[in-house]
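Here is the structure we will look at, set down as C-alpha cells.
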Amino acid sequence: MSERRVPVTVIGGYLGAGKTTLINQLLAGRHGRRLAILVNDFGSVNIDAGLIASHDGETISLENGCICCSLADSLGDALDAVLALDPAPDQIVIEASGVADPAKVAYYGQGWPGCRLDAVVVLADAEMIRGLSDDQFVGELVTRQLRSGDVVALTKTDLVPDSSLDELEAWINTMDETSGTVVRVAHGLVDHRVVLDSAGDVANFGSTGESVDAHELFESVVFEFSSAVEREWLESALESWSDQIVRVKGIIALVDEGRHLVHRVAKRWSIEPTSDNCHANSLVVVALSGATELSQIAADVKRVNLLKD
C-alpha cells in the first residue's frame with residue numbers, strides 16, 4: 001500500500017477575478033476539512049478574529065484546524081513546512097499570483113514529495129475576461145491561465161446577461177488544450193465541492209450541512225458497489241464520462257488488487273492504492289445540476305452490481 005499523499009489544489013486567475021474572496025470562504029467554511037492555505041498577499045486575507053487561535057506573523061492558525069501561511073520564502077519550503085505539521089493537513093490550497101501561470105505552480109503539487117495534484121481551479125471575471133484576453137500586454141498570460149484550468153469558474157456572473165455567459169462558455173470551451181469544466185459563480189459564492197477533494201472521507205462528503213449557492217449549480221450522488229469492481233470497467237467509465245461530471249472521488253475495491261483511491265476532476269483521473277481503513281466501496285459523483293448523465297451512470301453501476309451478485 002502507498003503512503004498517503006496530501007492533495008494539492010491550485011487557485012489561479014488574473015488580478016481581480018475573486019481568488020482572495022474564495023480563500024476567505026475556504027478558511028471560514030464548514031467543509032469539515034483541515035486546510036493549509038498558502039497565499040502570496042497575506043495582508044489581503046480577511047479572517048474573522050473569532051476564528052483565530054494564534055498568529056505568529058507568517059502563519060495564522062484557526063480554531064477549525066485550518067492554517068493560512070504566507071509565501072514569504074520559496075513554495076517548496078512552504079510545502080515542506082505544512083507537510084511536517086502534526087496532524088498533517090487534509091488538503092493544501094495554493095493561491096497563485098494573479099500574474100502567474102497556474103500550470104507552473106501545479107508542477108509542485110504533482111511532483112513534490114508527499115503531495116499529489118488534485119485540481120487547478122482558474123477564476124475568470126465574466127465582465128472582463130474577453131477584453132483581458134485581447135489585451136496586447138496581458139492577453140497571452142490570461143489565455144494561458146484559462147487553458148491550465150481543470151475547472152474554470154466564471155465569477156461575477158450576476159453582473160452579466162445570460163446570453164453573454166453562454167457565449168463566454170462557448171468561447172472558453174473552444175480554446176485549444178481546454179478540456180476542463182466551466183461553472184458559473186454569482187455574488188462571489190463558490191461551492192466548496194468544486195474546489196476541495198474529499199476522497200478520503202466519502203461517508204461525510206456533502207453532508208456537512210453547509211448551505212449551497214442559491215443557484216444550486218451542483219448535485220452530488222453516492223454510488224455504492226456491492227463487491228470488488230473490475231479495473232477495466234472503472235478506467236473506461238472515468239475516461240468516457242463527459243464534462244457534466246465535475247468531480248468523482250471515492251474508495252473502491254478492485255478485483256484481485258485491493259482497495260484504491262479514485263479521483264477525477266474534469267478529464268484528469270487517477271486510481272491509486274490506499275491503506276485507508278474506511279470501509280466504503282463507493283464513488284461520490286459531483287455533477288452540474290440536472291446532468292442527464294447521472295441516470296446513465298446509475299444504470300451502469302446497477303448493471304455492474306447485478307453481474308457481481
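Residues are referred to by chain and number: the chain letter is A, B, ... according to the order shown in the C-alpha cells, the number counts from 1 in that chain, and ligands are numbered separately from 1 in the order shown.
Proximity to A:Trp171 at 12 Å, evaluated using only C-alpha atoms and with sequence-adjacent residues fewer than 2 positions away removed, yields Ala126, Ile129, Arg130, Ser133, Thr143, Leu146, Arg147, Ser164, Leu165, Asp166, Glu167, Leu168, Glu169, Asn173, Thr174, Met175, Asp176, Thr178 and Val182 of chain A.
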Dump as a short mmCIF file (atom, residue, chain, number, x, y, z; two decimals), in the first residue's frame, selection limited to C-alpha atoms:
```cif
data_model
loop_
_atom_site.label_atom_id
_atom_site.label_comp_id
_atom_site.auth_asym_id
_atom_site.auth_seq_id
_atom_site.Cartn_x
_atom_site.Cartn_y
_atom_site.Cartn_z
CA ALA A 126 -17.13 37.31 -16.54
CA ILE A 129 -12.10 38.19 -19.32
CA ARG A 130 -12.71 38.69 -23.06
CA SER A 133 -7.61 38.05 -23.39
CA THR A 143 -5.31 32.84 -22.14
CA LEU A 146 -7.57 29.68 -18.69
CA ARG A 147 -6.07 26.78 -20.61
CA SER A 164 -23.26 36.79 -22.77
CA LEU A 165 -22.44 33.98 -20.34
CA ASP A 166 -23.46 31.38 -22.91
CA GLU A 167 -21.09 33.00 -25.40
CA LEU A 168 -18.29 33.11 -22.83
CA GLU A 169 -18.64 29.42 -22.04
CA ASN A 173 -14.65 25.55 -24.49
CA THR A 174 -13.29 26.13 -27.99
CA MET A 175 -9.82 27.07 -26.77
CA ASP A 176 -7.02 24.74 -27.79
CA THR A 178 -9.02 23.30 -22.86
CA VAL A 182 -16.84 25.77 -16.86
#
```
Which parts of stretch 23-222 of chain A does DSSP call strand (DSSP E or B) when run on the backbone here, written out as a ChimeraX atom specification?
/A:35-39,52-55,59-62,67-70,91-95,115-125,151-155,181-184,218-222
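The interatomic distance for the pair atom CA of A:Gln145 and atom CA of A:Tyr108 works out to 16.4 Å.
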Run DSSP on the backbone and grab whatever in stretch 67-221 of chain A lands in alpha helix (DSSP H); send it over as number ranges by chain.
A: 75-83, 102-111, 129-134, 139-147, 162-173, 192-195
Got time to write the residues from that selection, C-alpha atoms, as a PDB file, in the first residue's frame?
```
ATOM      1  CA  LEU A  75       6.922  27.423  -2.392  1.00  0.00           C
ATOM      2  CA  GLY A  76       8.918  24.258  -1.759  1.00  0.00           C
ATOM      3  CA  ASP A  77       9.886  25.425   1.721  1.00  0.00           C
ATOM      4  CA  ALA A  78       6.267  26.285   2.481  1.00  0.00           C
ATOM      5  CA  LEU A  79       5.079  22.866   1.329  1.00  0.00           C
ATOM      6  CA  ASP A  80       7.693  21.123   3.477  1.00  0.00           C
ATOM      7  CA  ALA A  81       6.601  23.187   6.479  1.00  0.00           C
ATOM      8  CA  VAL A  82       2.899  22.327   6.222  1.00  0.00           C
ATOM      9  CA  LEU A  83       3.585  18.658   5.404  1.00  0.00           C
ATOM     10  CA  PRO A 102      -1.117  28.171 -12.599  1.00  0.00           C
ATOM     11  CA  ALA A 103       0.239  25.246 -14.611  1.00  0.00           C
ATOM     12  CA  LYS A 104       3.776  26.010 -13.409  1.00  0.00           C
ATOM     13  CA  VAL A 105       2.598  26.185  -9.792  1.00  0.00           C
ATOM     14  CA  ALA A 106       0.783  22.885 -10.318  1.00  0.00           C
ATOM     15  CA  TYR A 107       4.099  21.150 -11.062  1.00  0.00           C
ATOM     16  CA  TYR A 108       4.843  21.415  -7.342  1.00  0.00           C
ATOM     17  CA  GLY A 109       1.564  19.762  -6.451  1.00  0.00           C
ATOM     18  CA  GLN A 110       2.200  16.994  -8.958  1.00  0.00           C
ATOM     19  CA  GLY A 111       5.780  16.181  -8.082  1.00  0.00           C
ATOM     20  CA  ILE A 129     -12.104  38.189 -19.317  1.00  0.00           C
ATOM     21  CA  ARG A 130     -12.707  38.692 -23.058  1.00  0.00           C
ATOM     22  CA  GLY A 131     -11.166  42.159 -23.006  1.00  0.00           C
ATOM     23  CA  LEU A 132      -8.189  40.930 -20.983  1.00  0.00           C
ATOM     24  CA  SER A 133      -7.614  38.045 -23.386  1.00  0.00           C
ATOM     25  CA  ASP A 134      -7.351  40.530 -26.283  1.00  0.00           C
ATOM     26  CA  GLY A 139      -3.673  38.662 -23.288  1.00  0.00           C
ATOM     27  CA  GLU A 140      -1.250  35.751 -23.729  1.00  0.00           C
ATOM     28  CA  LEU A 141      -0.925  35.276 -19.956  1.00  0.00           C
ATOM     29  CA  VAL A 142      -4.696  35.368 -19.374  1.00  0.00           C
ATOM     30  CA  THR A 143      -5.310  32.845 -22.142  1.00  0.00           C
ATOM     31  CA  ARG A 144      -2.611  30.567 -20.762  1.00  0.00           C
ATOM     32  CA  GLN A 145      -4.190  30.765 -17.316  1.00  0.00           C
ATOM     33  CA  LEU A 146      -7.572  29.682 -18.694  1.00  0.00           C
ATOM     34  CA  ARG A 147      -6.074  26.779 -20.605  1.00  0.00           C
ATOM     35  CA  ASP A 162     -27.202  35.057 -19.510  1.00  0.00           C
ATOM     36  CA  SER A 163     -26.758  35.362 -23.280  1.00  0.00           C
ATOM     37  CA  SER A 164     -23.263  36.787 -22.774  1.00  0.00           C
ATOM     38  CA  LEU A 165     -22.442  33.983 -20.342  1.00  0.00           C
ATOM     39  CA  ASP A 166     -23.460  31.379 -22.909  1.00  0.00           C
ATOM     40  CA  GLU A 167     -21.094  33.000 -25.400  1.00  0.00           C
ATOM     41  CA  LEU A 168     -18.294  33.113 -22.827  1.00  0.00           C
ATOM     42  CA  GLU A 169     -18.645  29.416 -22.035  1.00  0.00           C
ATOM     43  CA  ALA A 170     -18.631  28.534 -25.726  1.00  0.00           C
ATOM     44  CA  TRP A 171     -15.513  30.649 -26.242  1.00  0.00           C
ATOM     45  CA  ILE A 172     -13.652  29.030 -23.344  1.00  0.00           C
ATOM     46  CA  ASN A 173     -14.655  25.547 -24.489  1.00  0.00           C
ATOM     47  CA  HIS A 192     -16.514  24.222  -1.934  1.00  0.00           C
ATOM     48  CA  ARG A 193     -17.329  20.933  -3.703  1.00  0.00           C
ATOM     49  CA  VAL A 194     -15.766  22.378  -6.856  1.00  0.00           C
ATOM     50  CA  VAL A 195     -12.536  23.226  -5.058  1.00  0.00           C
TER      51      VAL A 195
END
```
Excluding A:Glu95 and residues on its chain fewer than 3 positions from it, collect all residues at most 8 Å away from it, counting only C-alpha atoms, and give them as an MDAnalysis selection string.
chainID A and resid 10:12 19 23 37:40
I'd like the contact shell of A:Ala53 - 10 Å cut-off, only C-alpha atoms, skipping same-chain residues fewer than 2 positions apart - returned as a list of chain:residue names.
A:Ala49, A:Gly50, A:Leu51, A:His55, A:Ile60, A:Ser61, A:Leu62, A:Glu63, A:Asn64, A:Gly65, A:Cys66, A:Ile67
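Take atom CA of A:Arg4 and atom CA of A:His263: the distance between them is 13.7 Å.
With only C-alpha atoms as the atoms that count, the minimum distance from A:Ser70 to the choices A:Leu159, A:Ile94, A:Val221, A:Ala119 is reached by A:Ile94.
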Which of these, A:Glu272, A:Glu293, A:Asp101, A:Glu219, has the shortest distance to A:Glu257 once you count only C-alpha atoms?
A:Glu272
Near-A:Ser242 list (9 Å; only C-alpha atoms; drop same-chain fewer than 3 positions) as a CSV table (one decimal) with N, CA and C atoms, in the first residue's frame:
```
chain,number,residue,atom,x,y,z
A,239,GLU,N,-12.8,7.5,-18.1
A,239,GLU,CA,-12.3,8.1,-19.3
A,239,GLU,C,-13.5,8.7,-20.1
A,245,ILE,N,-19.8,15.9,-15.6
A,245,ILE,CA,-19.4,15.3,-14.3
A,245,ILE,C,-18.1,16.1,-13.9
A,246,VAL,N,-18.3,17.0,-12.8
A,246,VAL,CA,-17.3,17.9,-12.4
A,246,VAL,C,-16.2,17.2,-11.6
A,266,ALA,N,-12.6,17.1,-13.9
A,266,ALA,CA,-12.7,17.4,-15.4
A,266,ALA,C,-12.3,16.1,-16.1
A,267,LYS,N,-11.3,16.1,-17.0
A,267,LYS,CA,-10.9,14.9,-17.7
A,267,LYS,C,-9.7,14.2,-17.1
A,293,GLU,N,-26.5,12.7,-17.5
A,293,GLU,CA,-25.5,11.5,-17.5
A,293,GLU,C,-25.6,10.8,-16.2
```
